[in-house]
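Structure file input32.cif with mmCIF, C-alpha atoms:
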```cif
data_start
#
loop_
_atom_site.label_atom_id
_atom_site.label_comp_id
_atom_site.auth_asym_id
_atom_site.auth_seq_id
_atom_site.Cartn_x
_atom_site.Cartn_y
_atom_site.Cartn_z
CA MET A 835 26.85 18.92 -11.35
CA LEU A 836 23.54 20.66 -10.66
CA LEU A 837 21.73 18.24 -12.98
CA ARG A 838 23.24 15.32 -11.10
CA TRP A 839 21.92 16.63 -7.79
CA LEU A 840 18.50 17.30 -9.28
CA ILE A 841 18.29 13.73 -10.55
CA ILE A 842 19.44 12.31 -7.21
CA ALA A 843 16.90 14.47 -5.36
CA LEU A 844 14.09 13.38 -7.71
CA VAL A 845 14.92 9.69 -7.42
CA HIS A 846 15.33 9.95 -3.64
CA GLY A 847 11.95 11.70 -3.29
CA VAL A 848 10.18 9.08 -5.39
CA TRP A 849 12.01 6.27 -3.57
CA ALA A 850 11.11 7.66 -0.12
CA ASN A 851 7.45 7.88 -1.10
CA LEU A 852 7.50 4.25 -2.31
CA GLU A 853 9.14 3.09 0.91
CA ASP A 854 6.61 4.96 3.06
CA GLY A 855 3.71 3.47 1.12
CA ARG A 856 4.83 -0.16 1.46
CA CYS A 857 3.34 -0.71 4.92
CA VAL A 858 -0.23 0.23 4.00
CA THR A 859 0.18 -1.53 0.65
CA ALA A 860 1.02 -4.72 2.56
CA VAL A 861 -2.09 -4.23 4.70
CA TYR A 862 -4.60 -3.72 1.90
CA THR A 863 -2.96 -6.43 -0.22
CA ALA A 864 -3.48 -8.90 2.63
CA TYR A 865 -7.16 -7.99 2.84
CA LYS A 866 -7.60 -8.78 -0.87
CA TYR A 867 -7.39 -12.46 0.17
CA ILE A 868 -10.32 -12.11 2.56
CA SER A 869 -13.99 -11.77 1.58
CA PHE A 870 -16.14 -9.34 3.52
CA ALA A 871 -19.94 -9.34 3.68
CA GLY A 872 -21.68 -6.75 1.61
CA VAL A 873 -20.01 -6.12 -1.71
CA PRO A 874 -18.73 -8.79 -4.12
CA THR A 875 -14.94 -8.81 -4.49
CA LYS A 876 -14.72 -9.74 -8.16
CA GLY A 877 -15.01 -7.93 -11.47
CA LYS A 878 -16.04 -4.27 -11.47
CA ASP A 879 -16.97 -4.43 -7.80
CA ILE A 880 -13.40 -4.99 -6.63
CA TRP A 881 -12.88 -1.24 -6.20
CA VAL A 882 -16.22 -0.86 -4.43
CA SER A 883 -15.08 -3.56 -2.02
CA GLN A 884 -11.59 -2.09 -1.62
CA CYS A 885 -12.71 1.51 -1.13
CA ARG A 886 -16.30 1.53 0.10
CA ASN A 887 -16.97 -1.66 2.08
CA PRO A 888 -17.08 -0.43 5.70
CA LEU A 889 -15.92 -3.78 7.12
CA LYS A 890 -12.91 -4.02 4.83
CA VAL A 891 -11.97 -0.34 5.09
CA ALA A 892 -12.24 -0.41 8.90
CA SER A 893 -9.97 -3.48 8.87
CA ILE A 894 -7.45 -1.63 6.67
CA TYR A 895 -7.46 1.38 9.00
CA ALA A 896 -7.13 -0.84 12.10
CA ALA A 897 -4.22 -2.91 10.76
CA SER A 898 -2.51 0.25 9.48
CA GLU A 899 -2.80 1.68 12.97
CA ILE A 900 -1.15 -1.40 14.48
CA TYR A 901 1.62 -2.08 11.95
CA CYS A 902 2.46 1.29 10.32
CA ASN A 903 3.92 4.48 11.73
CA GLU A 904 2.22 7.85 11.23
CA ARG A 905 4.21 8.80 8.11
CA GLU A 906 3.63 5.38 6.53
CA ARG A 907 -0.10 5.64 7.25
CA ALA A 908 -0.34 9.12 5.77
CA THR A 909 1.53 8.17 2.61
CA GLY A 910 -0.02 4.73 2.15
CA LEU A 911 -3.62 5.77 2.81
CA THR A 912 -3.20 8.71 0.43
CA GLN A 913 -1.92 6.29 -2.22
CA LEU A 914 -4.90 3.98 -1.60
CA ALA A 915 -7.32 6.92 -1.83
CA ASP A 916 -5.67 7.98 -5.11
CA GLN A 917 -6.06 4.44 -6.49
CA CYS A 918 -9.73 4.40 -5.47
CA GLN A 919 -10.21 7.61 -7.44
CA GLU A 920 -8.09 6.62 -10.44
CA PHE A 921 -9.28 3.06 -10.95
CA GLY A 922 -12.71 2.99 -9.32
CA ASN A 923 -13.86 6.61 -9.55
CA LEU A 924 -14.65 6.28 -5.86
CA ASP A 925 -13.70 8.00 -2.63
CA LEU A 926 -12.06 5.88 0.05
CA LEU A 927 -14.34 5.75 3.09
CA SER A 928 -13.05 8.20 5.67
CA ARG A 929 -11.88 7.22 9.14
CA GLU A 930 -14.90 9.11 10.45
CA ALA A 931 -17.27 6.88 8.45
CA VAL A 932 -15.96 3.78 10.25
CA ALA A 933 -14.92 5.46 13.51
CA GLU A 934 -16.90 3.16 15.81
CA ASN A 935 -14.99 0.15 14.43
CA ILE A 936 -11.49 1.60 14.82
CA THR A 937 -11.41 2.81 18.40
CA GLU A 938 -8.61 1.42 20.59
CA ASP A 939 -11.11 -0.84 22.32
CA ALA A 940 -12.64 -2.07 19.05
CA ILE A 941 -9.20 -2.84 17.57
CA ARG A 942 -8.10 -4.64 20.74
CA ASN A 943 -11.19 -6.89 20.51
CA MET A 944 -10.96 -7.65 16.78
CA LYS A 945 -10.43 -11.22 15.72
CA LYS A 946 -6.86 -11.75 14.46
CA VAL A 947 -6.46 -13.92 11.39
CA ASP A 948 -3.53 -15.69 9.77
CA TYR A 949 -2.87 -16.17 6.07
CA GLN A 950 -5.42 -18.56 4.53
CA GLU A 951 -7.17 -19.07 7.86
CA LEU A 952 -10.44 -17.86 6.34
CA SER A 953 -12.14 -19.29 3.27
CA ARG A 954 -12.77 -16.71 0.55
CA GLY A 955 -16.14 -18.39 -0.01
CA GLU A 956 -17.32 -17.41 3.46
CA PRO A 957 -17.43 -13.62 3.87
CA VAL A 958 -16.67 -12.22 7.31
CA ASP A 959 -19.31 -9.97 8.83
CA ALA A 960 -17.12 -7.82 11.08
CA PRO A 961 -13.81 -5.97 10.79
CA ILE A 962 -10.82 -8.24 11.44
CA LEU A 963 -7.17 -7.70 12.19
CA LEU A 964 -4.20 -9.32 10.46
CA SER A 965 -1.92 -11.39 12.65
CA ALA A 966 1.67 -10.18 12.90
CA SER A 967 2.86 -13.18 10.87
CA TYR A 968 0.31 -12.49 8.10
CA PHE A 969 1.34 -8.82 7.93
CA ASP A 970 5.03 -9.77 7.88
CA LEU A 971 4.42 -12.25 5.07
CA MET A 972 2.72 -9.59 2.93
CA PHE A 973 5.22 -6.87 3.78
CA ASN A 974 8.24 -9.04 3.02
CA THR A 975 6.68 -10.21 -0.24
CA ILE A 976 6.11 -6.62 -1.34
CA VAL A 977 9.63 -5.59 -0.38
CA ARG A 978 11.17 -8.47 -2.36
CA LEU A 979 8.96 -7.93 -5.41
CA PHE A 980 8.92 -4.18 -5.67
CA VAL A 981 12.17 -2.81 -4.31
CA PRO A 982 14.63 -2.29 -7.13
CA SER A 983 18.27 -1.60 -6.50
CA TRP A 984 19.73 1.88 -6.91
CA ASP A 985 21.78 0.55 -9.84
CA MET A 986 18.62 -0.55 -11.61
CA ILE A 987 16.93 2.80 -10.96
CA GLY A 988 19.97 4.65 -12.31
CA LEU A 989 20.13 2.51 -15.44
CA LYS A 990 16.41 2.93 -16.12
CA LEU A 991 16.70 6.68 -15.61
CA ILE A 992 19.56 6.85 -18.09
CA ASP A 993 17.49 4.78 -20.56
CA VAL A 994 14.56 7.17 -20.22
CA LEU A 995 16.81 10.16 -20.66
CA GLY A 996 18.32 8.48 -23.72
CA ILE A 997 14.86 8.20 -25.22
CA LEU A 998 14.38 11.89 -24.52
CA GLY A 999 17.66 12.63 -26.32
CA ILE A 1000 19.56 13.99 -23.32
CA ARG A 1001 21.39 10.86 -22.26
CA ASN A 1002 24.85 12.14 -23.22
CA LEU A 1003 24.29 15.38 -21.34
CA VAL A 1004 23.36 13.54 -18.16
CA THR A 1005 26.08 10.89 -18.31
CA SER A 1006 28.71 13.57 -18.90
CA CYS A 1007 27.54 15.36 -15.73
CA ILE A 1008 27.64 12.23 -13.59
#
```

As structure tokens, the full file:
Amino acid sequence: MLLRWLIIALVHGVWANLEDGRCVTAVYTAYKYISFAGVPTKGKDIWVSQCRNPLKVASIYAASEIYCNERERATGLTQLADQCQEFGNLDLLSREAVAENITEDAIRNMKKVDYQELSRGEPVDAPILLSASYFDLMFNTIVRLFVPSWDMIGLKLIDVLGILGIRNLVTSCI
């Protein structure tokens, strides 16, 4: 019985973290479709663009401020910073580094863009904000693609435990 509760607690903790990260993931995924002046967005430089381009990072912070709650921002921005480190060996620009572009007044005056409104061949030269419809499109796409059912999680967990040789122990406790 204790093992069952430990497994449920582990899965719930992982699941909650994934749910909290979805909002910021939707934001920075949307900005992958927009070119910003400064750093190329292809090849090796994709992580430089994602993590160090002040225009793009300010846009990510601004949209996260508008569309995500505090817990979602904390989780999602931490996940993005971890990805910058893991895949690009880079630090995500801090809020302080782009502070002048993410004040309430600056965000209120940012140009709002819809999906495919901007050509990727023409980089933008200022931070921009996602429209509500563009954010919703990205968020709903991520939810549909990456949210497995509890049944699927349970079956995968049992498969993993089977590989580890403790499948029978776990299934007998459940």

Would you mind telling me which residue in A:Val977, A:Leu971, A:Ala966, A:Val882 lies nearest to Gln919 of chain A when using all atoms listed in the file?
A:Val882

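Within the file as shown, the PyMOL selection byres ((chain A and resi 898) around 9) identifies Cys857, Val858, Val861, Tyr862, Ser893, Ile894, Tyr895, Ala896, Ala897, Glu899, Ile900, Tyr901, Cys902, Asn903, Glu906, Arg907, Gly910 and Leu911 of chain A.
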
Given all atoms listed in the file as the counted atoms, nearest of A:Asn887, A:Gln913, A:Thr863, A:Thr975 to Ala931 of chain A
A:Asn887

Atom CA of Tyr867 of chain A and atom CA of Ser965 of chain A are how many Å apart?
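These two atoms are separated by 13.7 Å.
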
Given the file shown, determine the residues that the PyMOL selection byres ((chain A and resi 886) around 8) selects; report them as a ChimeraX atom specification.
/A:881-885,887-888,891,924-927

Grab all the atoms of segment 954-972 of chain A that the file lists, wrap them in a box along x, y and z, add 4 Å per side, and give me centre plus edge lengths in Å (one decimal) as lines of an AutoDock Vina configuration file.
```
center_x = -7.1
center_y = -12.2
center_z = 6.4
size_x = 32.3
size_y = 20.4
size_z = 20.9
```

Given the PyMOL selection byres ((chain A and resi 955) around 12) and the file above, list the residues it selects as a PyMOL selection string.
chain A and resi 867-871+874-876+950-954+956-958

Residue neighbourhood Tyr968 of chain A, 8 Å, all atoms listed in the file, exclusion window fewer than 4 positions, as a PyMOL selection string:
chain A and resi 864+947-949+964+972

Measuring atom to atom with all atoms listed in the file, identify which of A:Arg905, A:Tyr865, A:Leu963, A:Glu930 is nearest to Asn943 of chain A.
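Nearest to Asn943 of chain A: A:Leu963.
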
Enter the distance from atom CA of Gly922 of chain A to atom CA of Asp879 of chain A, in Å, rounded to one decimal.
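Here the two named atoms are 8.7 Å from each other.
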
For atom CA of Ala915 of chain A and atom CA of Ala933 of chain A, the interatomic separation in Å (one decimal):
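If I compute the distance from atom CA of Ala915 of chain A to atom CA of Ala933 of chain A, I get 17.2 Å.
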